Structures are given as C-alpha cells and as structure tokens.
file model-v9.csv (CSV, C-alpha atoms and all ligand atoms)
chain,number,residue,atom,x,y,z
A,1,MET,CA,0.0,0.0,0.0
A,2,HIS,CA,3.0,2.3,0.2
A,3,SER,CA,5.0,3.7,-2.8
A,4,THR,CA,5.5,7.0,-4.5
A,5,ALA,CA,4.4,8.7,-7.7
A,6,PRO,CA,4.1,12.3,-8.9
A,7,ASP,CA,1.8,14.5,-6.8
A,8,THR,CA,-0.3,15.9,-9.6
A,9,PRO,CA,-4.0,16.2,-10.3
A,10,PRO,CA,-5.2,14.0,-13.1
A,11,ASN,CA,-4.3,15.3,-16.6
A,12,SER,CA,-5.7,13.8,-19.7
A,13,PRO,CA,-4.6,11.3,-20.8
A,14,LEU,CA,-3.4,9.6,-17.7
A,15,THR,CA,-0.4,7.3,-18.2
A,16,ARG,CA,0.4,4.1,-16.2
A,17,THR,CA,3.0,6.2,-14.4
A,18,ASP,CA,0.2,8.5,-13.2
A,19,LEU,CA,-1.7,5.4,-12.0
A,20,ARG,CA,0.9,4.4,-9.5
A,21,PRO,CA,0.0,4.8,-5.8
A,22,ASP,CA,1.5,7.8,-4.0
A,23,CYS,CA,0.8,7.1,-0.3
A,24,SER,CA,2.5,10.3,0.8
A,25,SER,CA,-0.3,12.3,-0.9
A,26,CYS,CA,-3.1,10.1,0.3
A,27,PHE,CA,-5.2,10.2,3.5
A,28,ALA,CA,-4.6,6.5,3.9
A,29,LEU,CA,-7.9,5.7,2.2
A,30,CYS,CA,-7.2,2.0,1.7
A,31,CYS,CA,-6.4,1.8,5.4
A,32,THR,CA,-9.8,3.4,6.4
A,33,ALA,CA,-12.4,3.1,3.6
A,34,LEU,CA,-11.9,-0.6,3.0
A,35,GLY,CA,-12.8,-3.4,5.3
A,36,PHE,CA,-11.0,-6.7,5.6
A,37,SER,CA,-11.6,-10.0,7.4
A,38,ARG,CA,-9.1,-11.9,9.5
A,39,SER,CA,-7.3,-14.4,7.2
A,40,ALA,CA,-3.9,-15.4,5.9
A,41,ASP,CA,-3.7,-11.9,4.4
A,42,PHE,CA,-4.9,-9.8,7.4
A,43,ALA,CA,-4.2,-10.5,11.0
A,44,VAL,CA,-7.3,-8.8,12.3
A,45,ASP,CA,-10.9,-7.9,11.3
A,46,LYS,CA,-11.5,-4.3,10.3
A,47,PRO,CA,-14.9,-2.9,9.2
A,48,ALA,CA,-15.1,-0.6,6.2
A,49,GLY,CA,-15.0,3.1,7.0
A,50,SER,CA,-12.8,2.8,10.1
A,51,PRO,CA,-9.1,3.4,10.5
A,52,CYS,CA,-6.9,0.4,10.9
A,53,ARG,CA,-5.4,0.1,14.4
A,54,ASN,CA,-1.9,0.3,12.8
A,55,LEU,CA,-2.6,3.7,11.2
A,56,ASP,CA,-0.5,6.6,12.6
A,57,SER,CA,-1.7,10.2,13.0
A,58,ASP,CA,0.2,11.3,9.9
A,59,PHE,CA,-1.5,8.6,7.8
A,60,SER,CA,1.5,6.4,7.7
A,61,CYS,CA,1.6,2.7,8.8
A,62,THR,CA,3.3,2.0,12.1
A,63,ILE,CA,4.3,-1.5,10.9
A,64,HIS,CA,5.1,-0.6,7.3
A,65,ASP,CA,8.5,-2.4,7.3
A,66,ARG,CA,7.0,-5.5,9.0
A,67,LEU,CA,3.7,-6.1,7.3
A,68,ARG,CA,4.4,-9.6,6.1
A,69,PRO,CA,5.8,-11.0,9.4
A,70,ARG,CA,3.0,-9.3,11.3
A,71,GLY,CA,0.4,-11.0,9.2
A,72,PHE,CA,-0.7,-8.2,6.9
A,73,ARG,CA,0.4,-9.6,3.6
A,74,GLY,CA,-2.8,-8.3,2.0
A,75,CYS,CA,-1.6,-4.7,2.5
A,76,THR,CA,1.6,-5.4,0.6
A,77,VAL,CA,-0.3,-6.6,-2.5
A,78,PHE,CA,-3.1,-4.0,-2.6
A,79,ASP,CA,-2.9,-1.5,-5.4
A,80,CYS,CA,-5.2,1.5,-5.6
A,81,PHE,CA,-3.9,2.4,-9.0
A,82,GLY,CA,-3.3,6.0,-7.8
A,83,ALA,CA,-6.9,6.5,-6.8
A,84,GLY,CA,-5.9,7.5,-3.2
A,85,GLN,CA,-4.0,10.6,-4.1
A,86,ASN,CA,-6.5,11.6,-6.7
A,87,VAL,CA,-9.4,11.5,-4.2
A,88,SER,CA,-7.3,13.1,-1.4
A,89,GLN,CA,-5.7,15.9,-3.4
A,90,HIS,CA,-8.0,16.5,-6.3
A,91,LEU,CA,-11.6,15.5,-5.5
A,92,PHE,CA,-11.4,16.6,-1.8
A,93,ARG,CA,-8.8,19.3,-2.4
A,94,GLY,CA,-6.3,18.2,0.2
A,95,VAL,CA,-8.7,18.3,3.2
A,96,SER,CA,-8.5,15.1,5.1
A,97,TRP,CA,-11.3,13.1,6.8
A,98,ARG,CA,-9.5,13.9,10.0
A,99,GLU,CA,-9.6,17.6,9.4
A,100,ALA,CA,-13.3,17.4,8.2
A,101,PRO,CA,-14.8,14.3,9.7
A,102,GLU,CA,-18.2,15.1,8.1
A,103,THR,CA,-16.7,14.4,4.7
A,104,ALA,CA,-15.5,10.9,5.6
A,105,PRO,CA,-18.5,8.8,4.4
A,106,GLU,CA,-18.5,10.5,1.0
A,107,MET,CA,-14.7,10.4,0.7
A,108,PHE,CA,-14.6,6.7,1.4
A,109,ALA,CA,-17.5,6.0,-1.0
A,110,VAL,CA,-15.8,8.1,-3.7
A,111,PHE,CA,-12.6,6.2,-3.2
A,112,THR,CA,-14.1,2.8,-3.8
A,113,VAL,CA,-15.5,4.1,-7.1
A,114,VAL,CA,-12.4,6.0,-8.2
A,115,ARG,CA,-10.3,2.9,-7.4
A,116,GLN,CA,-12.3,1.0,-9.9
A,117,LEU,CA,-12.1,3.8,-12.5
A,118,HIS,CA,-8.3,4.0,-12.1
A,119,GLU,CA,-8.0,0.2,-12.5
A,120,MET,CA,-10.0,0.5,-15.7
A,121,LEU,CA,-7.7,3.2,-16.9
A,122,TRP,CA,-4.7,1.1,-16.1
A,123,TYR,CA,-5.9,-1.7,-18.3
A,124,LEU,CA,-7.1,0.7,-21.0
A,125,ALA,CA,-3.7,2.3,-21.2
A,126,GLU,CA,-2.2,-1.1,-22.0
A,127,ALA,CA,-4.9,-2.0,-24.4
A,128,GLY,CA,-4.3,1.2,-26.3
A,129,SER,CA,-0.6,0.5,-26.5
A,130,ARG,CA,-1.1,-3.1,-27.7
A,131,THR,CA,-3.8,-2.8,-30.4
A,132,TYR,CA,-3.0,-2.2,-34.0
A,133,ASP,CA,-6.7,-1.7,-34.9
A,134,PRO,CA,-7.6,2.0,-35.4
A,135,ASP,CA,-11.2,1.3,-34.5
A,136,THR,CA,-10.3,-0.4,-31.3
A,137,LEU,CA,-7.9,2.3,-30.4
A,138,HIS,CA,-10.7,4.8,-31.0
A,139,ARG,CA,-12.9,2.9,-28.6
A,140,VAL,CA,-10.1,2.8,-26.0
A,141,ASP,CA,-9.5,6.5,-26.3
A,142,GLY,CA,-13.2,7.2,-26.0
A,143,LEU,CA,-13.5,5.2,-22.8
A,144,ARG,CA,-10.5,6.8,-21.3
A,145,SER,CA,-12.0,10.3,-22.0
A,146,ILE,CA,-15.3,9.3,-20.4
A,147,ILE,CA,-13.6,8.1,-17.2
A,148,GLU,CA,-11.1,11.0,-17.0
A,149,GLY,CA,-13.9,13.4,-17.7
A,150,ALA,CA,-16.0,12.0,-14.9
A,151,MET,CA,-13.1,12.4,-12.4
A,152,GLY,CA,-12.5,15.9,-13.6
A,153,GLY,CA,-15.8,16.9,-11.9
A,154,ASP,CA,-16.8,16.7,-8.3
A,155,ALA,CA,-17.5,13.8,-5.9
A,156,GLN,CA,-21.2,13.8,-6.7
A,157,GLN,CA,-20.5,13.3,-10.4
A,158,VAL,CA,-18.2,10.4,-9.6
A,159,LEU,CA,-20.9,8.8,-7.4
A,160,ALA,CA,-23.5,9.3,-10.1
A,161,LEU,CA,-21.6,7.3,-12.7
A,162,ASP,CA,-23.2,4.1,-14.1
A,163,LEU,CA,-20.3,1.8,-13.1
A,164,GLY,CA,-21.9,-1.4,-14.4
A,165,SER,CA,-22.3,0.0,-17.9
A,166,LEU,CA,-18.8,1.3,-17.9
A,167,HIS,CA,-17.4,-2.0,-16.7
A,168,ALA,CA,-19.2,-3.8,-19.4
A,169,ARG,CA,-17.9,-1.5,-22.2
A,170,VAL,CA,-14.3,-1.6,-20.8
A,171,ARG,CA,-14.4,-5.4,-20.4
A,172,SER,CA,-15.6,-5.8,-24.0
A,173,THR,CA,-12.8,-3.6,-25.3
A,174,LEU,CA,-10.2,-5.4,-23.3
A,175,MET,CA,-11.3,-8.7,-24.5
A,176,ASP,CA,-11.1,-7.6,-28.1
A,177,VAL,CA,-7.6,-6.4,-27.6
A,178,SER,CA,-6.8,-9.7,-25.9
A,179,ASP,CA,-8.1,-11.7,-28.9
A,180,GLU,CA,-6.0,-9.5,-31.2
A,181,VAL,CA,-2.8,-9.8,-29.2
A,182,ARG,CA,-3.2,-13.6,-28.4
A,183,ALA,CA,-3.9,-14.4,-32.1
A,184,SER,CA,-0.5,-12.9,-33.0
A,185,TYR,CA,1.1,-15.5,-30.6
A,186,LEU,CA,-0.9,-18.4,-32.0
A,187,ALA,CA,-2.1,-19.3,-28.5
A,188,THR,CA,0.4,-22.2,-28.2
A,189,GLY,CA,-0.6,-22.8,-24.6
A,190,ASP,CA,-4.0,-24.1,-25.6
A,191,ASP,CA,-2.4,-26.8,-27.6
A,192,HIS,CA,-0.4,-28.1,-24.6
A,193,LEU,CA,-3.0,-27.9,-21.9
A,194,GLY,CA,-6.2,-28.6,-23.8
A,195,ALA,CA,-9.5,-28.2,-22.1
A,196,ARG,CA,-8.0,-27.2,-18.8
A,197,LEU,CA,-6.8,-23.9,-20.2
A,198,VAL,CA,-9.9,-21.8,-20.3
A,199,PRO,CA,-10.7,-18.5,-18.7
A,200,GLY,CA,-11.4,-19.0,-15.0
A,201,ALA,CA,-9.9,-22.5,-15.0
A,202,ASP,CA,-8.7,-24.0,-11.7
A,203,LEU,CA,-5.0,-24.5,-12.1
A,204,MET,CA,-4.1,-24.3,-8.4
A,205,GLY,CA,-0.8,-26.0,-7.6
A,206,GLN,CA,-0.4,-27.3,-11.2
A,207,ASN,CA,3.0,-28.0,-12.5
A,208,LEU,CA,3.2,-25.9,-15.7
A,209,ARG,CA,7.0,-25.5,-15.5
A,210,SER,CA,8.6,-24.6,-18.8
A,211,ARG,CA,5.3,-24.9,-20.7
A,212,PRO,CA,5.0,-22.7,-23.7
A,213,LEU,CA,2.1,-20.4,-22.7
A,214,GLN,CA,2.5,-17.7,-25.3
A,215,GLY,CA,-0.8,-16.2,-26.2
A,216,ALA,CA,-2.6,-18.4,-23.6
A,217,ASN,CA,-5.9,-17.2,-22.2
A,218,LEU,CA,-5.4,-17.2,-18.5
A,219,ARG,CA,-8.0,-14.6,-17.8
A,220,GLY,CA,-9.4,-15.1,-14.3
A,221,THR,CA,-7.6,-18.4,-13.8
A,222,TYR,CA,-6.7,-19.7,-10.4
A,223,LEU,CA,-3.0,-20.1,-10.5
A,224,ILE,CA,-2.4,-20.1,-6.7
A,225,ALA,CA,0.9,-21.9,-6.0
A,226,ALA,CA,1.1,-23.1,-9.6
A,227,ASP,CA,4.6,-23.7,-10.9
A,228,LEU,CA,5.2,-21.3,-13.8
A,229,ARG,CA,8.9,-21.3,-13.7
A,230,GLU,CA,10.7,-20.8,-17.0
A,231,CYS,CA,7.3,-20.3,-18.7
A,232,ASP,CA,7.1,-17.9,-21.7
A,233,LEU,CA,3.9,-15.9,-21.0
A,234,SER,CA,4.4,-13.5,-23.9
A,235,GLY,CA,1.0,-12.3,-25.0
A,236,ALA,CA,-0.8,-14.4,-22.4
A,237,ASP,CA,-3.9,-12.7,-21.0
A,238,LEU,CA,-3.5,-12.5,-17.2
A,239,LEU,CA,-6.5,-10.2,-16.5
A,240,GLY,CA,-7.6,-11.1,-13.0
A,241,ALA,CA,-5.6,-14.2,-12.8
A,242,ASP,CA,-4.9,-15.2,-9.2
A,243,LEU,CA,-1.1,-15.5,-8.9
A,244,ARG,CA,-0.8,-15.9,-5.1
A,245,ASP,CA,2.3,-17.8,-4.4
A,246,ALA,CA,2.7,-18.8,-8.0
A,247,ARG,CA,6.3,-19.6,-8.8
A,248,LEU,CA,7.6,-17.3,-11.5
A,249,GLY,CA,11.3,-18.0,-11.2
A,250,GLY,CA,12.9,-17.5,-14.7
A,251,ALA,CA,9.4,-16.9,-16.3
A,252,ASP,CA,9.1,-14.3,-19.1
A,253,LEU,CA,6.2,-11.9,-18.3
A,254,ALA,CA,7.7,-8.9,-20.1
A,255,ARG,CA,5.0,-9.0,-22.8
A,256,ALA,CA,2.2,-10.6,-20.8
A,257,LEU,CA,-1.1,-8.8,-21.2
A,258,TYR,CA,-2.9,-7.1,-18.3
A,259,LEU,CA,-0.4,-8.0,-15.6
A,260,THR,CA,-0.5,-5.7,-12.5
A,261,GLN,CA,2.0,-4.9,-9.8
A,262,SER,CA,-0.4,-6.4,-7.3
A,263,GLN,CA,-0.2,-9.8,-9.1
A,264,LEU,CA,3.6,-9.6,-9.0
A,265,GLU,CA,3.5,-8.7,-5.3
A,266,ALA,CA,1.4,-11.8,-4.6
A,267,ALA,CA,3.6,-14.2,-6.6
A,268,ARG,CA,7.1,-15.6,-6.0
A,269,GLY,CA,9.7,-14.6,-8.6
A,270,ASP,CA,13.4,-14.2,-8.7
A,271,SER,CA,16.2,-12.2,-10.3
A,272,ARG,CA,15.7,-14.1,-13.6
A,273,THR,CA,12.0,-13.3,-13.9
A,274,LEU,CA,11.3,-10.9,-16.8
A,275,ILE,CA,8.5,-8.3,-16.2
A,276,PRO,CA,7.1,-5.3,-18.1
A,277,GLU,CA,9.3,-2.3,-17.8
A,278,ASP,CA,6.7,-0.1,-16.1
A,279,LEU,CA,6.4,-2.7,-13.2
A,280,HIS,CA,9.0,-3.5,-10.7
A,281,ALA,CA,10.2,-6.7,-9.0
A,282,PRO,CA,8.8,-6.9,-5.4
A,283,GLY,CA,11.3,-6.5,-2.6
A,284,HIS,CA,10.4,-9.9,-1.1
A,285,TRP,CA,11.5,-11.7,-4.3
A,286,ARG,CA,15.0,-11.2,-3.1
A,287,ASP,CA,14.3,-13.5,-0.1
B,301,LIG,S1,-1.6,-2.6,8.5
B,301,LIG,FE1,-0.7,-0.6,7.8
B,301,LIG,S2,-0.9,-0.7,5.5
B,301,LIG,FE2,-2.2,-2.3,6.4
B,301,LIG,S3,-4.3,-1.3,6.6
B,301,LIG,FE3,-3.3,-1.1,8.5
B,301,LIG,S4,-2.3,0.9,8.5
B,301,LIG,FE4,-2.8,0.3,6.4
call {"tool": "encode", "arguments": {"input": "model-v9.csv", "output": "structure tokens", "more": "lines below"}}
Ligand code: SF4
result
Amino acid sequence: MHSTAPDTPPNSPLTRTDLRPDCSSCFALCCTALGFSRSADFAVDKPAGSPCRNLDSDFSCTIHDRLRPRGFRGCTVFDCFGAGQNVSQHLFRGVSWREAPETAPEMFAVFTVVRQLHEMLWYLAEAGSRTYDPDTLHRVDGLRSIIEGAMGGDAQQVLALDLGSLHARVRSTLMDVSDEVRASYLATGDDHLGARLVPGADLMGQNLRSRPLQGANLRGTYLIAADLRECDLSGADLLGADLRDARLGGADLARALYLTQSQLEAARGDSRTLIPEDLHAPGHWRD
C-alpha cells in the first residue's frame, strides 16, 4: 500500500505512471475506507469506514516495514492504481477526513468508485498500446476520455456514474484487444493444456513449469501456488488471474497482457523473472 508517484491532479490522458499509488499524498484511504476479514492476508478484522489500528496520526503505517511478518500480507499486494492521491488531493482538495470528519463517508464512498475507475484506466492504457486496430484504439481513447472526464468533476458526479455499464464496455474492449494480441502469438498454450486452459480455470498447484504459454488465455484463472517457472507468457492474458504464491522464477512476463503490480507482489519470482518495464520486482523476491 506504500509507494511514490508524482503528486499531480489528473491530466488527460493519464499514463500508467500517473496510475501508481503515492501514499505520501493520500489520506490512507485504503487503510480506512476498505474493510477486511481476519485471514492469511490480514491478522485482524477491520470494518469498512474505520481506521486500521496500525494507522498513525500522519496517515503512515506503524508497521510498514514489518507487514508480512506481522500477518498483513494483503496490505503489501493491494494497489489503488493511484486513486488514493486523486481522491485526497483533487476531488477533496487536500482536506482530510481527520480535518473534516463530516466528509469521511462521502470520501470513502468516492474512493471505492475511483479505485475501480483507475483500475479500468490502467488496463485501457495497456490496451491502447497493444492494439494495431484503429477502430479499437478509437474505442479505447473514448472510454479513457469518459472516465477521466467524470473524475474531472466533483465527488457527486463520480458517485452518479453508471459503473456497471462502464465496466461492461471496458471489459468488451479489453477482450477484443486480448483476442487480437493472443492471435499474434498463435495461443500455443491451448495446444499443450487442452480443455483445462480456459478463462477461469482452476490450475491451483499445477506443475506448468517450462510450458509454452505464449498467447494463452489465463484470464481469471486460479494459479495459486502453480509452478510457472521458466514459462514464456508473452501475449498471455492474465487479467484477474490469481497468482498468489505462483512460482515465477525464470518466467518471461515482459510482454504478458494485463499484468499488474499487485499480481507480481502476490507471486514468487526471482532475479531471472522478466517483467514489463513499467512494473518492478517486489522486494520480497530477493528473499
Ligand atoms: S496494516 Fe498498515 S498498511 Fe495495512 S491497513 Fe493497517 S495501516 Fe494500512
């Protein structure tokens, strides 16, 4: 939940660099607005809309350098896609929920919406850079404009958005780009894994080591603790794939599609793992 990015209000078009979290410019919205249940990822229960017990008065985390050993692994993999600083500094003009407690419910509600909007922008930015179809690029640019335009207004305009409709349009566009990209890789992974390799497939713990997965459709698949070492995932669609504890040592994800920093943080890679240039190797990979 803690990293840095430029402290600027959103400018059109937002790049993936703009969509990185900047916790120093955020009123710890992920640590307050969101709720979580006690599990392997969170050591305690916390209801939505209340500050985490580990939150300091300056919006920093008192256990930031010990999150994993203290049982808060979920915090290390969460990514707001830069929504936190946008809501804090732009939509609420730098006035925190501590300074103006009456704004807290609306600020937290707006954050949950803007986080989804920023996530869509993250994927659309990649879709726009991967498609060669002018019509698809036009659709991508149109959706980015709609989303950025909505966030250029005020909190009420954000809350009034028809998120369901927007999600459907973005999803359709992302899938079209996925089809285009994967076709260029001939989807070799399908040949090797047959019927098991479909969107949403349960591949938990599977040994896929060194399998050629170029252009594979791994959208929404459960790859928890799967062995993907030395796999070539170029052009593979990883939208929403669950990579918790997946072994990525020596894997090539540099041209994987729709990969996020959050997925990398949840997985286990090493110094040989190739990743997109606008993502970074998590610190715990050095372990
Ligand atoms: S443990 Fe730290 S990073 Fe996680 S929610 Fe609490 S304050 Fe935020």
call {"tool": "residues_around", "arguments": {"input": "model-v9.csv", "residues": "region 83-91 of chain A", "least_positions_apart": "5", "cutoff": "6 Å", "atoms": "all atoms listed in the file", "output": "PyMOL selection string"}}
result
chain A and resi 9+25-26+114-115
call {"tool": "residues_near_ligand", "arguments": {"input": "model-v9.csv", "ligand": "ligand LIG 301 (chain B)", "cutoff": "6 Å", "atoms": "all atoms listed in the file", "output": "list in words"}}
result
Met1, Cys31, Cys52, Asn54, Leu55, Cys61, Ile63, His64, Phe72 and Cys75 of chain A
call {"tool": "closest_residue", "arguments": {"input": "model-v9.csv", "among": "A:Gly235, A:Arg219, A:Arg244, A:Met107", "to": "Asp154 (chain A)", "atoms": "all atoms listed in the file"}}
result
A:Met107
call {"tool": "residues_around", "arguments": {"input": "model-v9.csv", "residues": "His280 (chain A)", "least_positions_apart": "5", "cutoff": "9 Å", "atoms": "all atoms listed in the file", "output": "list in words"}}
result
Gln261, Leu264 and Ile275 of chain A
call {"tool": "write_last_selection", "arguments": {"input": "model-v9.csv", "atoms": "C-alpha atoms", "output": "mmCIF file, keeping the file's coordinate frame"}}
result
data_model
loop_
_atom_site.group_PDB
_atom_site.id
_atom_site.type_symbol
_atom_site.label_atom_id
_atom_site.label_comp_id
_atom_site.auth_asym_id
_atom_site.auth_seq_id
_atom_site.Cartn_x
_atom_site.Cartn_y
_atom_site.Cartn_z
ATOM 1 C CA GLN A 261 2.000 -4.900 -9.800
ATOM 2 C CA LEU A 264 3.600 -9.600 -9.000
ATOM 3 C CA ILE A 275 8.500 -8.300 -16.200
#
call {"tool": "residues_around", "arguments": {"input": "model-v9.csv", "residues": "Arg20 (chain A)", "least_positions_apart": "2", "cutoff": "6 Å", "atoms": "all atoms listed in the file", "output": "list in words"}}
result
Ala5, Thr17, Asp18, Phe81 and Gly82 of chain A
call {"tool": "atom_distance", "arguments": {"input": "model-v9.csv", "atom1": "CA of Val113 (chain A)", "atom2": "CA of Thr260 (chain A)"}}
result
18.7 Å
call {"tool": "atom_distance", "arguments": {"input": "model-v9.csv", "atom1": "CA of Gly283 (chain A)", "atom2": "CA of Leu257 (chain A)"}}
result
22.5 Å
call {"tool": "closest_residue", "arguments": {"input": "model-v9.csv", "among": "A:Leu259, A:Val198, A:Ile146, A:Val181", "to": "Asp133 (chain A)", "atoms": "all atoms listed in the file"}}
result
A:Val181
call {"tool": "closest_residue", "arguments": {"input": "model-v9.csv", "among": "A:Leu203, A:Val140, A:Leu238, A:Ala256", "to": "Glu277 (chain A)", "atoms": "only C-alpha atoms"}}
result
A:Ala256
call {"tool": "atom_distance", "arguments": {"input": "model-v9.csv", "atom1": "CA of Ala254 (chain A)", "atom2": "CA of Gln214 (chain A)"}}
result
11.5 Å
call {"tool": "closest_residue", "arguments": {"input": "model-v9.csv", "among": "A:Val110, A:Asp22, A:Thr173, A:Glu126", "to": "Val158 (chain A)", "atoms": "only C-alpha atoms"}}
result
A:Val110
call {"tool": "build_atoms", "arguments": {"input": "model-v9.csv", "residues": "region 212-229 of chain A", "atoms": "N, CA, C and O atoms", "output": "PDB file, in the frame of the given file"}}
result
ATOM      1  N   PRO A 212       5.095 -23.840 -22.835  1.00  0.00           N
ATOM      2  CA  PRO A 212       5.000 -22.700 -23.700  1.00  0.00           C
ATOM      3  C   PRO A 212       3.582 -22.087 -23.585  1.00  0.00           C
ATOM      4  O   PRO A 212       2.616 -22.681 -24.072  1.00  0.00           O
ATOM      5  N   LEU A 213       3.445 -20.966 -22.932  1.00  0.00           N
ATOM      6  CA  LEU A 213       2.100 -20.400 -22.700  1.00  0.00           C
ATOM      7  C   LEU A 213       1.942 -19.058 -23.432  1.00  0.00           C
ATOM      8  O   LEU A 213       1.111 -18.236 -23.047  1.00  0.00           O
ATOM      9  N   GLN A 214       2.700 -18.883 -24.523  1.00  0.00           N
ATOM     10  CA  GLN A 214       2.500 -17.700 -25.300  1.00  0.00           C
ATOM     11  C   GLN A 214       1.101 -17.571 -25.818  1.00  0.00           C
ATOM     12  O   GLN A 214       0.575 -18.538 -26.377  1.00  0.00           O
ATOM     13  N   GLY A 215       0.506 -16.393 -25.629  1.00  0.00           N
ATOM     14  CA  GLY A 215      -0.800 -16.200 -26.200  1.00  0.00           C
ATOM     15  C   GLY A 215      -1.921 -16.965 -25.451  1.00  0.00           C
ATOM     16  O   GLY A 215      -3.050 -17.030 -25.932  1.00  0.00           O
ATOM     17  N   ALA A 216      -1.613 -17.568 -24.313  1.00  0.00           N
ATOM     18  CA  ALA A 216      -2.600 -18.400 -23.600  1.00  0.00           C
ATOM     19  C   ALA A 216      -3.676 -17.441 -22.976  1.00  0.00           C
ATOM     20  O   ALA A 216      -3.374 -16.316 -22.574  1.00  0.00           O
ATOM     21  N   ASN A 217      -4.892 -17.946 -22.888  1.00  0.00           N
ATOM     22  CA  ASN A 217      -5.900 -17.200 -22.200  1.00  0.00           C
ATOM     23  C   ASN A 217      -6.069 -17.609 -20.792  1.00  0.00           C
ATOM     24  O   ASN A 217      -6.750 -18.585 -20.469  1.00  0.00           O
ATOM     25  N   LEU A 218      -5.380 -16.897 -19.928  1.00  0.00           N
ATOM     26  CA  LEU A 218      -5.400 -17.200 -18.500  1.00  0.00           C
ATOM     27  C   LEU A 218      -6.216 -16.244 -17.706  1.00  0.00           C
ATOM     28  O   LEU A 218      -6.055 -16.097 -16.496  1.00  0.00           O
ATOM     29  N   ARG A 219      -7.155 -15.612 -18.405  1.00  0.00           N
ATOM     30  CA  ARG A 219      -8.000 -14.600 -17.800  1.00  0.00           C
ATOM     31  C   ARG A 219      -8.806 -15.217 -16.623  1.00  0.00           C
ATOM     32  O   ARG A 219      -9.534 -16.201 -16.807  1.00  0.00           O
ATOM     33  N   GLY A 220      -8.618 -14.660 -15.425  1.00  0.00           N
ATOM     34  CA  GLY A 220      -9.400 -15.100 -14.300  1.00  0.00           C
ATOM     35  C   GLY A 220      -9.068 -16.513 -13.798  1.00  0.00           C
ATOM     36  O   GLY A 220      -9.816 -17.078 -12.998  1.00  0.00           O
ATOM     37  N   THR A 221      -7.967 -17.078 -14.251  1.00  0.00           N
ATOM     38  CA  THR A 221      -7.600 -18.400 -13.800  1.00  0.00           C
ATOM     39  C   THR A 221      -7.059 -18.424 -12.389  1.00  0.00           C
ATOM     40  O   THR A 221      -6.503 -17.432 -11.918  1.00  0.00           O
ATOM     41  N   TYR A 222      -7.235 -19.551 -11.729  1.00  0.00           N
ATOM     42  CA  TYR A 222      -6.700 -19.700 -10.400  1.00  0.00           C
ATOM     43  C   TYR A 222      -5.346 -20.405 -10.486  1.00  0.00           C
ATOM     44  O   TYR A 222      -5.271 -21.614 -10.709  1.00  0.00           O
ATOM     45  N   LEU A 223      -4.305 -19.611 -10.365  1.00  0.00           N
ATOM     46  CA  LEU A 223      -3.000 -20.100 -10.500  1.00  0.00           C
ATOM     47  C   LEU A 223      -2.235 -20.111  -9.143  1.00  0.00           C
ATOM     48  O   LEU A 223      -1.008 -20.027  -9.079  1.00  0.00           O
ATOM     49  N   ILE A 224      -3.012 -20.181  -8.075  1.00  0.00           N
ATOM     50  CA  ILE A 224      -2.400 -20.100  -6.700  1.00  0.00           C
ATOM     51  C   ILE A 224      -1.440 -21.286  -6.566  1.00  0.00           C
ATOM     52  O   ILE A 224      -1.763 -22.454  -6.787  1.00  0.00           O
ATOM     53  N   ALA A 225      -0.197 -20.911  -6.197  1.00  0.00           N
ATOM     54  CA  ALA A 225       0.900 -21.900  -6.000  1.00  0.00           C
ATOM     55  C   ALA A 225       1.208 -22.743  -7.184  1.00  0.00           C
ATOM     56  O   ALA A 225       1.856 -23.783  -7.054  1.00  0.00           O
ATOM     57  N   ALA A 226       0.770 -22.315  -8.369  1.00  0.00           N
ATOM     58  CA  ALA A 226       1.100 -23.100  -9.600  1.00  0.00           C
ATOM     59  C   ALA A 226       2.619 -22.850  -9.888  1.00  0.00           C
ATOM     60  O   ALA A 226       3.197 -21.815  -9.541  1.00  0.00           O
ATOM     61  N   ASP A 227       3.207 -23.820 -10.532  1.00  0.00           N
ATOM     62  CA  ASP A 227       4.600 -23.700 -10.900  1.00  0.00           C
ATOM     63  C   ASP A 227       4.720 -23.229 -12.345  1.00  0.00           C
ATOM     64  O   ASP A 227       4.448 -23.978 -13.294  1.00  0.00           O
ATOM     65  N   LEU A 228       5.068 -21.961 -12.483  1.00  0.00           N
ATOM     66  CA  LEU A 228       5.200 -21.300 -13.800  1.00  0.00           C
ATOM     67  C   LEU A 228       6.642 -21.003 -14.116  1.00  0.00           C
ATOM     68  O   LEU A 228       6.921 -20.171 -14.971  1.00  0.00           O
ATOM     69  N   ARG A 229       7.537 -21.663 -13.432  1.00  0.00           N
ATOM     70  CA  ARG A 229       8.900 -21.300 -13.700  1.00  0.00           C
ATOM     71  C   ARG A 229       9.355 -21.614 -15.109  1.00  0.00           C
ATOM     72  O   ARG A 229       8.940 -22.619 -15.696  1.00  0.00           O
TER      73      ARG A 229
END
